[in-house]
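Chemist: Have a look at the structure that comes next, please.
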Amino acid sequence: MKYPGKLYLVSTPIGNLEDITLRAIRILREVDIIFAEDTRYTGQLLYHFQIKKPLQSYHDHNERRQTQTLLQCLEQGKNVALVTDSGTPGICDPGFKAVRAFLEHGGQPEMVPGPCALVTALAGSGLATNAFYFGGFLPNKSGARDKRFQELAGRPETLIFYESPYRVVKTLEALKKIYGDRRVILARELTKKFEEFLRGTPEELIAHFKGRSPKGEFVILIEGSREAVRNGKE
C-alpha cells in the first residue's frame, strides 16, 4: 500500500553542531514526529535549534514494535523523520529495518544527506579512497574478530571499522598479529574540539596508548593488502 505520509532519513552532526544542513533543520521543523535512536541525545539537538516535536525511540531493543508504530504514523498521513544518534540513519543502527519495511509496503524514503563518520575519516586518512570495505562494528569476541581480519587479509581496498575505546588496544594487538606492519589510522572525536588522527603501524599505535586510557569513539582504517595491489587486484 502507498502511505500518504512521508518518511525522511535525516542525517545529523557527528560532533560539531554547525555541520547540520539547512535542509535538515527545515525538515525536522516541518515533520509531525521524529523517531530517534536515543531520544535524550536527539532532544538536546532539537533544543539547540529550538525545535519542538514529539519524539519516539527507535533502537535495537524495540525496533520490531516501533517499526509498526512508525508505519501507522505514515498510514495516518503524518510526516516522519528518522534520525540516529549522530550521522546518517541506517548506517550501523537499526534504522535500516524501518526503511526495509517501508519499501516492502510500497514507500520510498526521502534522503536528507549529511555527516557520516566513516566517510569523514576516510577522506582525512590519506589512504586509498577509490575503493573501500566498511565492516561496521567488529565482533566483541576475540576469536570472531580475528577470523574477520583473516578473511579480509587479502583484500586490496582500504578497510574501515568502528570500534569502542574499551577494545581499541586489543584490536590493534590483533592487527599486529595478523597484518604485521600495515599502515593503520585511528580517527577519533571527529569534528569535535579534540579531533585526532593517529597514524602508524599497529605496534606504534599500541605504544602510543601505553599508560593511557583511549577516549572517544574510534574509526579504524587499515591499508589494503600491498600484495593484492601489486598483483593487480586493485
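Labeling convention for the C-alpha cells: chains A, B, ... as they appear, residues from 1 per chain, ligands from 1 in order of appearance.
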Env of Ala123 (chain A): 12 Å cut, atoms = only C-alpha atoms, seq-sep filter 6 positions within chain, self excluded. Answer as a list in words.
Modeler: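 Skipping anything fewer than 6 positions along the chain leaves Cys116, Ala117, Thr129, Asn130, Ala131, Phe132, Thr158, Ile160, Ile185, Ala187, Leu190, Phe197 and Leu221 of chain A.
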Chemist: Considering only C-alpha atoms, can you say which of A:Ala144, A:Val168, A:Leu205, A:Leu9 comes closest to Ile91 (chain A)?
Modeler: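 The answer is A:Leu9, which sits nearest to Ile91 (chain A).
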Chemist: List as a short mmCIF file (atom, residue, chain, number, x, y, z; two decimals) with C-alpha atoms, in the first residue's frame the protein and nucleic acid residues near Pro94 (chain A), meaning an atom at most 7 Å away when only C-alpha atoms are counted, but skip any in the same chain fewer than 6 places from it.
Modeler:
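Resulting contents of result.cif:
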data_model
loop_
_atom_site.label_atom_id
_atom_site.label_comp_id
_atom_site.auth_asym_id
_atom_site.auth_seq_id
_atom_site.Cartn_x
_atom_site.Cartn_y
_atom_site.Cartn_z
CA HIS A 59 16.60 1.28 18.78
CA ASP A 60 17.81 -2.32 18.80
CA GLU A 63 12.68 -1.86 16.57
#
Chemist: So which residues touch Gly90 (chain A) within 12 Å, counting only C-alpha atoms, skipping near sequence neighbours fewer than 4 positions away, as a list in words?
Modeler: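 Near neighbours after the sequence-gap exclusion: Tyr8, Leu9, Val10, Ser11, Ala36, Glu37, Tyr58, His59, Asp60, Leu82, Val83, Thr84, Asp85, Ser86, Pro94, Gly95, Phe96, Lys97, Ala98, Val99, Arg100, Pro109, Met111, Pro113, Cys116 and Gly136 of chain A.
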Chemist: Just asking: which residues within region 1-229 of chain A are helix (DSSP H, G or I) according to DSSP, as a VMD selection string?
Modeler: chain A and resid 17 to 19 22 to 30 39 to 48 63 to 75 95 to 104 117 to 125 142 to 152 168 to 179 202 to 208 226 to 229
Chemist: Using only C-alpha atoms, which of the listed residues (A:Arg64, A:Arg226, A:Lys215, A:Arg188) sits closest to Thr120 (chain A)?
Modeler: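 Residue with the minimum atom-to-atom distance to Thr120 (chain A): A:Arg188.
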Chemist: Go through A:Ala174, A:Ile222, A:Glu195, A:Leu186 and flag the residue nearest His208 (chain A), using only C-alpha atoms for the distances.
Modeler: A:Leu186
Chemist: Which is closer to Leu127 (chain A) than all the others in A:Gln56, A:Ser225, A:Ser213, A:Asn62, using only C-alpha atoms?
Modeler: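 Closest to Leu127 (chain A) of all the choices is A:Ser225.
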Chemist: One decimal, in Å: what's the spacing between CA of Asp38 (chain A) and CA of Phe161 (chain A)?
Modeler: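 A separation of 22.0 Å between them.
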Chemist: Can you list, as a PDB file with C-alpha atoms, in the first residue's frame, every residue of region 146-228 of chain A that DSSP puts in strand (DSSP E or B)?
Modeler:
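Output file part19.pdb is given in full below:
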ATOM      1  CA  THR A 158      41.100   0.256   2.459  1.00  0.00           C
ATOM      2  CA  LEU A 159      39.354  -1.483   5.379  1.00  0.00           C
ATOM      3  CA  ILE A 160      37.185   0.583   7.725  1.00  0.00           C
ATOM      4  CA  PHE A 161      35.632  -0.379  11.068  1.00  0.00           C
ATOM      5  CA  TYR A 162      34.062   1.291  14.070  1.00  0.00           C
ATOM      6  CA  GLU A 163      35.486   0.461  17.491  1.00  0.00           C
ATOM      7  CA  VAL A 184      46.673   1.953  10.315  1.00  0.00           C
ATOM      8  CA  ILE A 185      44.871   5.216  11.009  1.00  0.00           C
ATOM      9  CA  LEU A 186      42.765   5.807  14.096  1.00  0.00           C
ATOM     10  CA  ALA A 187      40.303   8.684  13.800  1.00  0.00           C
ATOM     11  CA  ARG A 188      38.612   9.827  16.994  1.00  0.00           C
ATOM     12  CA  GLU A 196      42.617  13.456  16.226  1.00  0.00           C
ATOM     13  CA  PHE A 197      44.083  11.246  13.507  1.00  0.00           C
ATOM     14  CA  LEU A 198      46.712   8.800  14.774  1.00  0.00           C
ATOM     15  CA  ARG A 199      48.865   7.135  12.118  1.00  0.00           C
ATOM     16  CA  GLY A 200      51.362   4.298  12.284  1.00  0.00           C
ATOM     17  CA  PHE A 218      37.140   5.345  17.015  1.00  0.00           C
ATOM     18  CA  VAL A 219      37.077   4.786  13.289  1.00  0.00           C
ATOM     19  CA  ILE A 220      39.833   2.322  12.361  1.00  0.00           C
ATOM     20  CA  LEU A 221      41.203   2.487   8.809  1.00  0.00           C
ATOM     21  CA  ILE A 222      43.619  -0.167   7.565  1.00  0.00           C
TER      22      ILE A 222
END
Chemist: Nearest residue to Ile20 (chain A) out of A:His48, A:Lys210, A:Lys6, A:Arg155, using only C-alpha atoms?
Modeler: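 That would be A:His48, the residue with the smallest distance to Ile20 (chain A).
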Chemist: Identify, on the basis of only C-alpha atoms, every residue whose closest approach to Leu74 (chain A) does not exceed 9 Å; exclude the query and any residue fewer than 4 positions from it along the same chain; express the result as a list in words.
Modeler: Tyr3, Pro4, Gly5, Lys6, Leu7, Thr69, Leu70, Lys78, Asn79 and Val80 of chain A
Chemist: Export, as a PDB file, in the first residue's frame, the selected residues with N, CA and C atoms.
Modeler:
ATOM      1  N   TYR A   3       1.609   4.909   1.358  1.00  0.00           N
ATOM      2  CA  TYR A   3       1.303   5.687   2.543  1.00  0.00           C
ATOM      3  C   TYR A   3       1.180   7.166   2.194  1.00  0.00           C
ATOM      4  N   PRO A   4       0.188   7.866   2.746  1.00  0.00           N
ATOM      5  CA  PRO A   4       0.077   9.299   2.479  1.00  0.00           C
ATOM      6  C   PRO A   4       1.161  10.126   3.162  1.00  0.00           C
ATOM      7  N   GLY A   5       1.736   9.599   4.261  1.00  0.00           N
ATOM      8  CA  GLY A   5       2.798  10.319   4.953  1.00  0.00           C
ATOM      9  C   GLY A   5       4.149  10.093   4.310  1.00  0.00           C
ATOM     10  N   LYS A   6       5.073  11.017   4.545  1.00  0.00           N
ATOM     11  CA  LYS A   6       6.432  10.914   4.015  1.00  0.00           C
ATOM     12  C   LYS A   6       7.403  10.489   5.120  1.00  0.00           C
ATOM     13  N   LEU A   7       8.365   9.644   4.741  1.00  0.00           N
ATOM     14  CA  LEU A   7       9.433   9.243   5.658  1.00  0.00           C
ATOM     15  C   LEU A   7      10.726   9.902   5.204  1.00  0.00           C
ATOM     16  N   THR A  69       4.715   1.068  14.728  1.00  0.00           N
ATOM     17  CA  THR A  69       4.248   2.392  15.152  1.00  0.00           C
ATOM     18  C   THR A  69       4.587   3.431  14.096  1.00  0.00           C
ATOM     19  N   LEU A  70       5.812   3.342  13.562  1.00  0.00           N
ATOM     20  CA  LEU A  70       6.240   4.288  12.528  1.00  0.00           C
ATOM     21  C   LEU A  70       5.364   4.172  11.282  1.00  0.00           C
ATOM     22  N   LYS A  78       0.876  11.230   8.616  1.00  0.00           N
ATOM     23  CA  LYS A  78       1.886  12.020   9.311  1.00  0.00           C
ATOM     24  C   LYS A  78       3.228  11.923   8.579  1.00  0.00           C
ATOM     25  N   ASN A  79       3.946  13.028   8.545  1.00  0.00           N
ATOM     26  CA  ASN A  79       5.300  13.028   8.001  1.00  0.00           C
ATOM     27  C   ASN A  79       6.276  12.721   9.137  1.00  0.00           C
ATOM     28  N   VAL A  80       7.180  11.782   8.887  1.00  0.00           N
ATOM     29  CA  VAL A  80       8.048  11.241   9.922  1.00  0.00           C
ATOM     30  C   VAL A  80       9.515  11.454   9.550  1.00  0.00           C
TER      31      VAL A  80
END
Chemist: List the spatial neighbours of Pro202 (chain A) as an MDAnalysis selection string - criterion: any atom at most 7 Å away, only C-alpha atoms, same-chain residues fewer than 4 positions off excluded.
Modeler: chainID A and resid 172:173 175:176 181 184 206
Chemist: For the residues selected in the previous step, produce a file with N, CA and C atoms as a PDB file, in the first residue's frame.
Modeler:
ATOM      1  N   LEU A 172      44.098  -3.446  18.023  1.00  0.00           N
ATOM      2  CA  LEU A 172      45.431  -3.160  17.472  1.00  0.00           C
ATOM      3  C   LEU A 172      46.369  -4.361  17.666  1.00  0.00           C
ATOM      4  N   GLU A 173      46.263  -5.026  18.797  1.00  0.00           N
ATOM      5  CA  GLU A 173      47.094  -6.220  19.034  1.00  0.00           C
ATOM      6  C   GLU A 173      46.751  -7.317  18.039  1.00  0.00           C
ATOM      7  N   LEU A 175      45.548  -6.772  15.024  1.00  0.00           N
ATOM      8  CA  LEU A 175      46.067  -6.307  13.732  1.00  0.00           C
ATOM      9  C   LEU A 175      47.570  -6.553  13.628  1.00  0.00           C
ATOM     10  N   LYS A 176      48.276  -6.336  14.717  1.00  0.00           N
ATOM     11  CA  LYS A 176      49.722  -6.592  14.720  1.00  0.00           C
ATOM     12  C   LYS A 176      50.005  -8.060  14.431  1.00  0.00           C
ATOM     13  N   ASP A 181      52.932  -5.016   9.728  1.00  0.00           N
ATOM     14  CA  ASP A 181      53.261  -3.584   9.751  1.00  0.00           C
ATOM     15  C   ASP A 181      52.444  -2.749   8.777  1.00  0.00           C
ATOM     16  N   VAL A 184      47.980   1.853   9.655  1.00  0.00           N
ATOM     17  CA  VAL A 184      46.673   1.953  10.315  1.00  0.00           C
ATOM     18  C   VAL A 184      46.455   3.413  10.725  1.00  0.00           C
ATOM     19  N   ILE A 206      49.986   0.880  19.426  1.00  0.00           N
ATOM     20  CA  ILE A 206      49.889   0.243  20.750  1.00  0.00           C
ATOM     21  C   ILE A 206      50.798   0.988  21.734  1.00  0.00           C
TER      22      ILE A 206
END
Chemist: Interatomic distance between CA of Glu30 (chain A) and CA of Ala81 (chain A)?
Modeler: 9.4 Å
Chemist: Interatomic distance between CA of Gly106 (chain A) and CA of Thr21 (chain A)?
Modeler: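 Computing it gives 28.1 Å between the two atoms.
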